[in-house]
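**Student:** Mind looking over this structure? Questions follow.
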Amino acid sequence: MTRTRSKSPLWEPGPIPLPGGLLDWRDPRHYDRRQDHPCTLCGTPTPLRSHTGEPAHKSCAEAWIAANPAEARTGRFASDSNTGRSRRDDHA
Ligand SMILES: [Zn+2]
């Protein structure tokens with residue numbers, strides 16, 4: 001049986017971090033307090049979800065982006081869009 005995984009995001013994702021960068025998952029929608037599901041990357045239960053509802057730890061998703069930079073560009077994991085925040089930051 002073929003399982004087609006819907007890749008349509010549950011809400012609008014933001015930018016995809018560069019390999020080695022950090023995800024910005026501050027939106028509470030990343031946190032499913034109802035149920036833990038096994039992380040698709042490490043298998044340990046997690047309440048965290050990607051924008052497409054895929055269960056994954058934030059740190060695992062960041063490591064996956066670093067390990068799969070080409071596939072990461074397809075937007076499997078993305079940061080939240082910071083509409084209310086200045087875009088030109090990260091100058092420390
Ligand atoms: Zn994990």
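Order determines the names: the first chain of the structure tokens is A, the second B, and so forth; residues in each chain are numbered 1 upward, and ligands are numbered 1 upward as they are shown.
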Got a sec to check which residues lie within 10 Å of ligand 1, using only C-alpha atoms and all ligand atoms, and send them as a PyMOL selection string?
**Tutor:** chain A and resi 38-46+48+55-64
**Student:** Give me a file of those residues, with N, CA and C atoms, as a compact mmCIF listing (two decimals), in the first residue's frame.
**Tutor:**
# COMPACT_ATOMS: atom_id res chain seq x y z
N PRO A 38 6.11 9.44 17.51
CA PRO A 38 7.54 9.19 17.30
C PRO A 38 8.12 10.16 16.28
N CYS A 39 9.22 10.76 16.63
CA CYS A 39 9.95 11.65 15.73
C CYS A 39 10.33 10.85 14.48
N THR A 40 10.07 11.41 13.31
CA THR A 40 10.36 10.68 12.07
C THR A 40 11.87 10.58 11.82
N LEU A 41 12.65 11.28 12.61
CA LEU A 41 14.10 11.28 12.40
C LEU A 41 14.83 10.42 13.42
N CYS A 42 14.38 10.42 14.67
CA CYS A 42 15.10 9.64 15.69
C CYS A 42 14.22 8.60 16.36
N GLY A 43 12.91 8.66 16.16
CA GLY A 43 12.03 7.63 16.68
C GLY A 43 11.57 7.84 18.11
N THR A 44 12.11 8.83 18.79
CA THR A 44 11.70 9.12 20.16
C THR A 44 10.43 9.97 20.15
N PRO A 45 9.45 9.62 20.98
CA PRO A 45 8.20 10.40 20.99
C PRO A 45 8.44 11.87 21.26
N THR A 46 7.71 12.69 20.52
CA THR A 46 7.85 14.14 20.68
C THR A 46 6.52 14.82 20.46
N LEU A 48 6.46 17.79 19.30
CA LEU A 48 6.74 18.82 18.31
C LEU A 48 6.32 18.38 16.91
N PRO A 55 5.85 14.76 12.85
CA PRO A 55 6.46 14.78 14.17
C PRO A 55 7.98 14.77 14.08
N ALA A 56 8.61 15.74 14.66
CA ALA A 56 10.07 15.81 14.63
C ALA A 56 10.55 16.77 15.70
N HIS A 57 11.63 16.38 16.37
CA HIS A 57 12.25 17.32 17.30
C HIS A 57 12.85 18.47 16.50
N LYS A 58 12.86 19.63 17.11
CA LYS A 58 13.46 20.77 16.45
C LYS A 58 14.95 20.50 16.20
N SER A 59 15.62 19.95 17.20
CA SER A 59 17.05 19.69 17.04
C SER A 59 17.30 18.63 15.98
N CYS A 60 16.40 17.64 15.87
CA CYS A 60 16.54 16.61 14.84
C CYS A 60 16.34 17.23 13.46
N ALA A 61 15.36 18.10 13.34
CA ALA A 61 15.09 18.75 12.06
C ALA A 61 16.28 19.61 11.65
N GLU A 62 16.87 20.29 12.61
CA GLU A 62 18.05 21.11 12.31
C GLU A 62 19.21 20.23 11.86
N ALA A 63 19.39 19.11 12.52
CA ALA A 63 20.46 18.19 12.14
C ALA A 63 20.19 17.61 10.76
N TRP A 64 18.90 17.36 10.46
CA TRP A 64 18.54 16.81 9.16
C TRP A 64 18.84 17.82 8.06
**Student:** Apply DSSP to the backbone of this structure and, from chain A, keep only the residues in alpha helix (DSSP H); write these as a ChimeraX atom specification.
**Tutor:** /A:58-67,69-72
**Student:** Keeping only N, CA and C atoms, write those residues as a short mmCIF file (atom, residue, chain, number, x, y, z; two decimals), in the first residue's frame.
**Tutor:**
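To be explicit, this is the file written out as out_0.cif:
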data_model
loop_
_atom_site.label_atom_id
_atom_site.label_comp_id
_atom_site.auth_asym_id
_atom_site.auth_seq_id
_atom_site.Cartn_x
_atom_site.Cartn_y
_atom_site.Cartn_z
N LYS A 58 12.86 19.63 17.11
CA LYS A 58 13.46 20.77 16.45
C LYS A 58 14.95 20.50 16.20
N SER A 59 15.62 19.95 17.20
CA SER A 59 17.05 19.69 17.04
C SER A 59 17.30 18.63 15.98
N CYS A 60 16.40 17.64 15.87
CA CYS A 60 16.54 16.61 14.84
C CYS A 60 16.34 17.23 13.46
N ALA A 61 15.36 18.10 13.34
CA ALA A 61 15.09 18.75 12.06
C ALA A 61 16.28 19.61 11.65
N GLU A 62 16.87 20.29 12.61
CA GLU A 62 18.05 21.11 12.31
C GLU A 62 19.21 20.23 11.86
N ALA A 63 19.39 19.11 12.52
CA ALA A 63 20.46 18.19 12.14
C ALA A 63 20.19 17.61 10.76
N TRP A 64 18.90 17.36 10.46
CA TRP A 64 18.54 16.81 9.16
C TRP A 64 18.84 17.82 8.06
N ILE A 65 18.54 19.07 8.31
CA ILE A 65 18.81 20.12 7.33
C ILE A 65 20.31 20.18 7.04
N ALA A 66 21.10 20.09 8.11
CA ALA A 66 22.56 20.14 7.94
C ALA A 66 23.06 18.93 7.16
N ALA A 67 22.40 17.78 7.36
CA ALA A 67 22.86 16.56 6.71
C ALA A 67 22.30 16.41 5.29
N PRO A 69 21.28 19.11 2.86
CA PRO A 69 21.05 20.51 2.44
C PRO A 69 20.24 20.64 1.16
N ALA A 70 20.44 19.69 0.22
CA ALA A 70 19.71 19.79 -1.05
C ALA A 70 18.22 19.53 -0.84
N GLU A 71 17.92 18.46 -0.11
CA GLU A 71 16.52 18.13 0.12
C GLU A 71 15.86 19.16 1.03
N ALA A 72 16.66 19.77 1.88
CA ALA A 72 16.12 20.78 2.79
C ALA A 72 15.52 21.95 2.03
#
